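Student: I'd like to ask you about the structure that follows.
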Amino acid sequence: MKPTSIKIIETLRKAGHKAYWAGGCVRDILFGIEPKDYDIATSAKPDEIEKLLEFTKPVGKEFGVILVIENEKSFEVATFRSDSDYSDGRRPDAVFFTDAKNDALRRDFTINGMFYDPLQDKILDYVGGQKDLDARLIRFIGDAHQRINEDHLRILRAVRFKNQFEFQLHPDTYAELKEHAHLVVKVSPERVRDELNKMIEGPHPAAAFEDLSDLGILKWIIPEMEEMHGVPQPYKYHKEGDVWKHSLKTLEVCDKNASRDVKWACLLHDIGKPATFSVEERIRFNGHTEKGEKIIEKIFKRLKFPRRDAENVKWLVKHHMMMVPLIEMPDAKARKWFLKEQFLNLMRLFEADVRGTDPSDMSLYDKIYDRYRALMDEMPEKPKPLLTGEEIMKKFKLEPGPIIGIILNRLEEEQLAGNLKTKKDAIKWLKSIK
């Protein structure tokens, strides 16, 4: 990708235009990270870019952006520009083609506002990006108030970049984020969701959500999470602190390679506790898993998550208290659980939940894992059902209804227990219990 982007720059230069790598790729190069993308900024106008480069798509031509396709890879090539007002808090009402310096001044953060000339090995820094990169600071370019009002998503991007790189917020940036946190409600749910997903899949997700809360941002996007603050837990089992602290700790210790669904489940597994808090012989949260399932449905619907994501996270949260039952249930029922598509993700949630608790006792988790391995060695794949619902109705002259599902369930358990091996066995067993 790198040599191809240099080839594009060379083509633009030969035609008499200025052209540089721009933005995030420059930041990553200076920070010692291999960039995922190489964006290019140039003095060439969009029409000129299209004429000079063979395979192009006008993905944002009105904003001076042309997508160039070379060697089956895509590169954004953008004309240097300055922007007019952003009346919708997302896109400029108009753009004006300009030079590199003015293009840098309209960007979001100093660390994202630099250019690099790969042909002359030269940095063009009009905004103090190198200084802030060395100081590990996130700072808005120019007037922070103006930068936020241009694109309200920058409120979330500031938090993401801070935790992606383990930086700190410049005091002015911190103050402006706090003051303008409420503007995040004007960002589309889809854009908010995408930023949150990047944070939760980033290297420091728990710290990112702590920042969102500290800055007053979280209450505008997931207010249900703020309710976890100050909700006490039984000290004997949760010396780590309240529901909020435990939830962030669970996310923090979650396997970094776990799926995004598991990470969301780690963060939200106890979201139902504030609404179910009670003091009996000790602090209890009766029904908090069912309550949590309903709250997650509401959150994920509001943030426009895909339906499958919502169902996966809800299932994990609903069953995150299953450890004791899984040890006590018969082999057939345990096998049925172990063969569920999401079971290994549930195990990852179990592990994080325990490790996010003080004191942490992994003995129950280890017993479940040992049992899982033993039973799955005997039956590594879910067997094909011995009878279908249609066959049961025809054989026993039954009408469609809930009873068919109950019968299929019982048949599956007997099959997993090893009691039924053939269709003939299944029919004989059903006749015996009819």
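We name chains A, B, ... following the order of the structure tokens; residues begin at 1 in each chain, and ligands are numbered from 1 as shown.
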Would you pick out the contacts of Glu290 of chain A at 10 Å or less, using only C-alpha atoms, so that residues sharing its chain but fewer than 5 positions from it are not included, and give the list as a VMD selection string?
Tutor: chain A and resid 272 295 314 to 315 317 to 319
Student: Got a sec to tell me which of segment 258-342 of chain A DSSP assigns to strand (DSSP E), as an MDAnalysis selection string?
Tutor: chainID A and resid 278:279 283:284
Student: What gap, in Å, lies between atom CA of Phe167 of chain A and atom CA of His180 of chain A?
Tutor: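 So the two atoms, atom CA of Phe167 of chain A and atom CA of His180 of chain A, lie 20.6 Å apart.
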Student: Quick one: residues within 12 Å of segment 234-246 of chain A, only C-alpha atoms, excluding same-chain residues fewer than 4 positions away - as a PDB file with N, CA and C atoms, in the first residue's frame?
Tutor:
ATOM      1  N   ALA A 206     -12.127   0.026  29.222  1.00  0.00           N
ATOM      2  CA  ALA A 206     -12.661   0.438  30.521  1.00  0.00           C
ATOM      3  C   ALA A 206     -12.304   1.892  30.817  1.00  0.00           C
ATOM      4  N   ALA A 207     -11.062   2.282  30.508  1.00  0.00           N
ATOM      5  CA  ALA A 207     -10.640   3.665  30.729  1.00  0.00           C
ATOM      6  C   ALA A 207     -11.431   4.622  29.839  1.00  0.00           C
ATOM      7  N   PHE A 209     -14.585   4.284  28.844  1.00  0.00           N
ATOM      8  CA  PHE A 209     -15.920   4.495  29.416  1.00  0.00           C
ATOM      9  C   PHE A 209     -15.848   5.277  30.721  1.00  0.00           C
ATOM     10  N   GLU A 210     -14.751   5.141  31.447  1.00  0.00           N
ATOM     11  CA  GLU A 210     -14.547   5.978  32.639  1.00  0.00           C
ATOM     12  C   GLU A 210     -14.448   7.437  32.228  1.00  0.00           C
ATOM     13  N   SER A 213     -17.821   8.930  31.270  1.00  0.00           N
ATOM     14  CA  SER A 213     -18.594   9.278  32.462  1.00  0.00           C
ATOM     15  C   SER A 213     -18.059  10.546  33.117  1.00  0.00           C
ATOM     16  N   GLU A 224     -28.380   4.797  31.301  1.00  0.00           N
ATOM     17  CA  GLU A 224     -28.601   3.623  32.151  1.00  0.00           C
ATOM     18  C   GLU A 224     -27.307   3.183  32.841  1.00  0.00           C
ATOM     19  N   MET A 225     -26.171   3.408  32.190  1.00  0.00           N
ATOM     20  CA  MET A 225     -24.904   3.025  32.805  1.00  0.00           C
ATOM     21  C   MET A 225     -24.555   3.917  33.979  1.00  0.00           C
ATOM     22  N   GLU A 226     -24.909   5.183  33.898  1.00  0.00           N
ATOM     23  CA  GLU A 226     -24.595   6.110  34.990  1.00  0.00           C
ATOM     24  C   GLU A 226     -25.293   5.700  36.286  1.00  0.00           C
ATOM     25  N   GLU A 227     -26.403   4.995  36.157  1.00  0.00           N
ATOM     26  CA  GLU A 227     -27.135   4.561  37.352  1.00  0.00           C
ATOM     27  C   GLU A 227     -26.370   3.514  38.153  1.00  0.00           C
ATOM     28  N   MET A 228     -25.320   2.925  37.575  1.00  0.00           N
ATOM     29  CA  MET A 228     -24.530   1.926  38.295  1.00  0.00           C
ATOM     30  C   MET A 228     -23.596   2.568  39.328  1.00  0.00           C
ATOM     31  N   HIS A 229     -23.326   3.870  39.166  1.00  0.00           N
ATOM     32  CA  HIS A 229     -22.490   4.577  40.145  1.00  0.00           C
ATOM     33  C   HIS A 229     -23.151   4.530  41.520  1.00  0.00           C
ATOM     34  N   GLY A 230     -22.359   4.212  42.524  1.00  0.00           N
ATOM     35  CA  GLY A 230     -22.844   4.303  43.895  1.00  0.00           C
ATOM     36  C   GLY A 230     -23.796   3.212  44.321  1.00  0.00           C
ATOM     37  N   THR A 250     -14.569  -5.777  35.058  1.00  0.00           N
ATOM     38  CA  THR A 250     -14.881  -6.962  34.251  1.00  0.00           C
ATOM     39  C   THR A 250     -14.500  -6.731  32.801  1.00  0.00           C
ATOM     40  N   LEU A 251     -14.811  -5.542  32.284  1.00  0.00           N
ATOM     41  CA  LEU A 251     -14.434  -5.206  30.909  1.00  0.00           C
ATOM     42  C   LEU A 251     -12.912  -5.119  30.776  1.00  0.00           C
ATOM     43  N   GLU A 252     -12.271  -4.561  31.769  1.00  0.00           N
ATOM     44  CA  GLU A 252     -10.814  -4.375  31.722  1.00  0.00           C
ATOM     45  C   GLU A 252     -10.077  -5.707  31.636  1.00  0.00           C
ATOM     46  N   VAL A 253     -10.549  -6.723  32.365  1.00  0.00           N
ATOM     47  CA  VAL A 253      -9.837  -8.009  32.404  1.00  0.00           C
ATOM     48  C   VAL A 253     -10.338  -8.982  31.351  1.00  0.00           C
ATOM     49  N   CYS A 266     -19.646  -7.930  28.984  1.00  0.00           N
ATOM     50  CA  CYS A 266     -18.841  -7.681  30.191  1.00  0.00           C
ATOM     51  C   CYS A 266     -19.200  -6.323  30.792  1.00  0.00           C
ATOM     52  N   LEU A 267     -19.313  -5.318  29.939  1.00  0.00           N
ATOM     53  CA  LEU A 267     -19.612  -3.963  30.411  1.00  0.00           C
ATOM     54  C   LEU A 267     -21.019  -3.870  30.985  1.00  0.00           C
ATOM     55  N   LEU A 268     -21.968  -4.576  30.380  1.00  0.00           N
ATOM     56  CA  LEU A 268     -23.384  -4.388  30.732  1.00  0.00           C
ATOM     57  C   LEU A 268     -23.998  -5.561  31.490  1.00  0.00           C
ATOM     58  N   HIS A 269     -23.179  -6.522  31.916  1.00  0.00           N
ATOM     59  CA  HIS A 269     -23.771  -7.726  32.514  1.00  0.00           C
ATOM     60  C   HIS A 269     -24.556  -7.442  33.790  1.00  0.00           C
ATOM     61  N   ASP A 270     -24.208  -6.367  34.500  1.00  0.00           N
ATOM     62  CA  ASP A 270     -24.924  -6.028  35.739  1.00  0.00           C
ATOM     63  C   ASP A 270     -25.739  -4.741  35.608  1.00  0.00           C
ATOM     64  N   ILE A 271     -26.101  -4.375  34.383  1.00  0.00           N
ATOM     65  CA  ILE A 271     -26.849  -3.142  34.140  1.00  0.00           C
ATOM     66  C   ILE A 271     -28.225  -3.185  34.809  1.00  0.00           C
ATOM     67  N   GLY A 272     -28.702  -4.392  35.127  1.00  0.00           N
ATOM     68  CA  GLY A 272     -30.002  -4.526  35.793  1.00  0.00           C
ATOM     69  C   GLY A 272     -29.941  -4.407  37.307  1.00  0.00           C
ATOM     70  N   LYS A 273     -28.749  -4.294  37.881  1.00  0.00           N
ATOM     71  CA  LYS A 273     -28.637  -4.264  39.348  1.00  0.00           C
ATOM     72  C   LYS A 273     -29.212  -3.004  40.001  1.00  0.00           C
ATOM     73  N   PRO A 274     -28.975  -1.809  39.441  1.00  0.00           N
ATOM     74  CA  PRO A 274     -29.546  -0.626  40.109  1.00  0.00           C
ATOM     75  C   PRO A 274     -31.058  -0.711  40.316  1.00  0.00           C
ATOM     76  N   ALA A 275     -31.769  -1.254  39.363  1.00  0.00           N
ATOM     77  CA  ALA A 275     -33.234  -1.318  39.454  1.00  0.00           C
ATOM     78  C   ALA A 275     -33.722  -2.458  40.335  1.00  0.00           C
ATOM     79  N   THR A 276     -32.824  -3.384  40.718  1.00  0.00           N
ATOM     80  CA  THR A 276     -33.250  -4.543  41.513  1.00  0.00           C
ATOM     81  C   THR A 276     -32.571  -4.592  42.882  1.00  0.00           C
ATOM     82  N   PHE A 277     -31.915  -3.512  43.274  1.00  0.00           N
ATOM     83  CA  PHE A 277     -31.213  -3.471  44.569  1.00  0.00           C
ATOM     84  C   PHE A 277     -32.199  -3.658  45.721  1.00  0.00           C
ATOM     85  N   SER A 278     -31.846  -4.522  46.651  1.00  0.00           N
ATOM     86  CA  SER A 278     -32.650  -4.693  47.873  1.00  0.00           C
ATOM     87  C   SER A 278     -31.730  -5.166  48.991  1.00  0.00           C
ATOM     88  N   VAL A 279     -32.155  -4.943  50.226  1.00  0.00           N
ATOM     89  CA  VAL A 279     -31.402  -5.412  51.389  1.00  0.00           C
ATOM     90  C   VAL A 279     -32.279  -6.407  52.133  1.00  0.00           C
ATOM     91  N   GLU A 280     -31.867  -7.665  52.115  1.00  0.00           N
ATOM     92  CA  GLU A 280     -32.581  -8.721  52.845  1.00  0.00           C
ATOM     93  C   GLU A 280     -31.660  -9.190  53.964  1.00  0.00           C
ATOM     94  N   GLU A 281     -31.282 -10.488  53.975  1.00  0.00           N
ATOM     95  CA  GLU A 281     -30.273 -10.894  54.968  1.00  0.00           C
ATOM     96  C   GLU A 281     -28.901 -10.322  54.584  1.00  0.00           C
ATOM     97  N   ARG A 282     -28.798  -9.916  53.302  1.00  0.00           N
ATOM     98  CA  ARG A 282     -27.648  -9.178  52.773  1.00  0.00           C
ATOM     99  C   ARG A 282     -28.132  -8.434  51.535  1.00  0.00           C
ATOM    100  N   ILE A 283     -27.244  -7.656  50.928  1.00  0.00           N
ATOM    101  CA  ILE A 283     -27.615  -6.967  49.688  1.00  0.00           C
ATOM    102  C   ILE A 283     -27.880  -8.000  48.601  1.00  0.00           C
ATOM    103  N   ARG A 284     -29.008  -7.827  47.915  1.00  0.00           N
ATOM    104  CA  ARG A 284     -29.359  -8.750  46.833  1.00  0.00           C
ATOM    105  C   ARG A 284     -29.853  -7.979  45.613  1.00  0.00           C
ATOM    106  N   PHE A 285     -29.820  -8.664  44.455  1.00  0.00           N
ATOM    107  CA  PHE A 285     -30.284  -8.085  43.193  1.00  0.00           C
ATOM    108  C   PHE A 285     -31.148  -9.123  42.476  1.00  0.00           C
ATOM    109  N   HIS A 288     -31.961  -9.515  38.435  1.00  0.00           N
ATOM    110  CA  HIS A 288     -31.202  -8.487  37.718  1.00  0.00           C
ATOM    111  C   HIS A 288     -30.799  -8.915  36.304  1.00  0.00           C
ATOM    112  N   ALA A 352     -14.283 -13.356  32.882  1.00  0.00           N
ATOM    113  CA  ALA A 352     -14.069 -11.933  33.147  1.00  0.00           C
ATOM    114  C   ALA A 352     -14.833 -11.490  34.392  1.00  0.00           C
ATOM    115  N   ASP A 353     -16.044 -11.995  34.575  1.00  0.00           N
ATOM    116  CA  ASP A 353     -16.856 -11.636  35.732  1.00  0.00           C
ATOM    117  C   ASP A 353     -16.157 -12.031  37.029  1.00  0.00           C
ATOM    118  N   VAL A 354     -15.571 -13.219  37.025  1.00  0.00           N
ATOM    119  CA  VAL A 354     -14.856 -13.686  38.225  1.00  0.00           C
ATOM    120  C   VAL A 354     -13.577 -12.876  38.437  1.00  0.00           C
ATOM    121  N   ARG A 355     -12.818 -12.662  37.364  1.00  0.00           N
ATOM    122  CA  ARG A 355     -11.557 -11.924  37.500  1.00  0.00           C
ATOM    123  C   ARG A 355     -11.805 -10.449  37.835  1.00  0.00           C
ATOM    124  N   GLY A 356     -12.987  -9.963  37.520  1.00  0.00           N
ATOM    125  CA  GLY A 356     -13.333  -8.586  37.849  1.00  0.00           C
ATOM    126  C   GLY A 356     -13.908  -8.430  39.240  1.00  0.00           C
ATOM    127  N   THR A 357     -13.836  -9.495  40.028  1.00  0.00           N
ATOM    128  CA  THR A 357     -14.368  -9.520  41.393  1.00  0.00           C
ATOM    129  C   THR A 357     -13.229  -9.706  42.387  1.00  0.00           C
ATOM    130  N   ASP A 358     -13.337  -9.079  43.532  1.00  0.00           N
ATOM    131  CA  ASP A 358     -12.363  -9.240  44.615  1.00  0.00           C
ATOM    132  C   ASP A 358     -13.112  -9.687  45.882  1.00  0.00           C
ATOM    133  N   PRO A 359     -12.849 -10.913  46.363  1.00  0.00           N
ATOM    134  CA  PRO A 359     -11.820 -11.866  45.929  1.00  0.00           C
ATOM    135  C   PRO A 359     -12.253 -12.653  44.689  1.00  0.00           C
ATOM    136  N   SER A 360     -11.264 -13.029  43.875  1.00  0.00           N
ATOM    137  CA  SER A 360     -11.521 -13.824  42.672  1.00  0.00           C
ATOM    138  C   SER A 360     -11.271 -15.299  42.975  1.00  0.00           C
ATOM    139  N   ASP A 361     -12.289 -16.110  42.796  1.00  0.00           N
ATOM    140  CA  ASP A 361     -12.172 -17.549  43.008  1.00  0.00           C
ATOM    141  C   ASP A 361     -12.526 -18.251  41.698  1.00  0.00           C
TER     142      ASP A 361
END
Student: Could you give me, as a list of chain:residue names, the residues within 8 Å of Asp103 of chain A, counting only C-alpha atoms and dropping anything in the same chain fewer than 4 positions from it?
Tutor: A:Phe80, A:Arg81, A:Ser82, A:Thr98, A:Asp99, A:Arg107
Student: Which residues are close to Arg160 of chain A, i.e. within 12 Å by only C-alpha atoms, leaving aside same-chain residues fewer than 6 positions away? Reply as a count of residues only.
Tutor: 27
Student: Leaving out Ala158 of chain A and any residue of its chain fewer than 6 positions from it, which residues lie within 9 Å of it when counting only C-alpha atoms, given as a list in words?
Tutor: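 Here the qualifying residues turn out to be Phe109, Ile138, Arg139, Phe140, Leu169, Thr173 and Leu177 of chain A.
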Student: In Å to one decimal, how far is atom CA of Val313 of chain A from atom CA of Leu411 of chain A?
Tutor: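 Going from atom CA of Leu411 of chain A over to atom CA of Val313 of chain A, I get 28.5 Å.
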Student: My list of candidates is A:Leu420, A:Asp108, A:Tyr372, A:Arg136. Which is closest to Arg157 of chain A when distances are computed with only C-alpha atoms?
Tutor: A:Asp108
Student: Here is a test: counting only C-alpha atoms, which residue of A:Asp261, A:Leu408, A:Lys294, A:Val127 is nearest to Arg308 of chain A?
Tutor: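 Comparing A:Asp261, A:Leu408, A:Lys294, A:Val127 against Arg308 of chain A, the winner is A:Asp261.
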Student: May I ask which of the residues A:Cys254, A:Ile123, A:Ile155, A:Leu387 is the closest one to Ile217 of chain A, counting only C-alpha atoms?
Tutor: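 Checking each candidate against Ile217 of chain A, we get A:Ile155 as the closest.
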Student: Could you name the residues that touch Leu386 of chain A at 8 Å or less, counting only C-alpha atoms, but leaving out those on the same chain fewer than 2 positions away, as number ranges by chain?
Tutor: A: 384, 388, 411, 421-423, 426
Student: Quick one: pull the distance between atom CA of Pro232 of chain A and atom CA of Leu349 of chain A, Å, one decimal.
Tutor: 21.4 Å
Student: Under the rule that only C-alpha atoms are counted, which of A:Val185, A:Lys14, A:Leu30, A:Asn312 is the nearest residue to Glu341 of chain A?
Tutor: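 Among the listed residues, the smallest separation from Glu341 of chain A belongs to A:Asn312.
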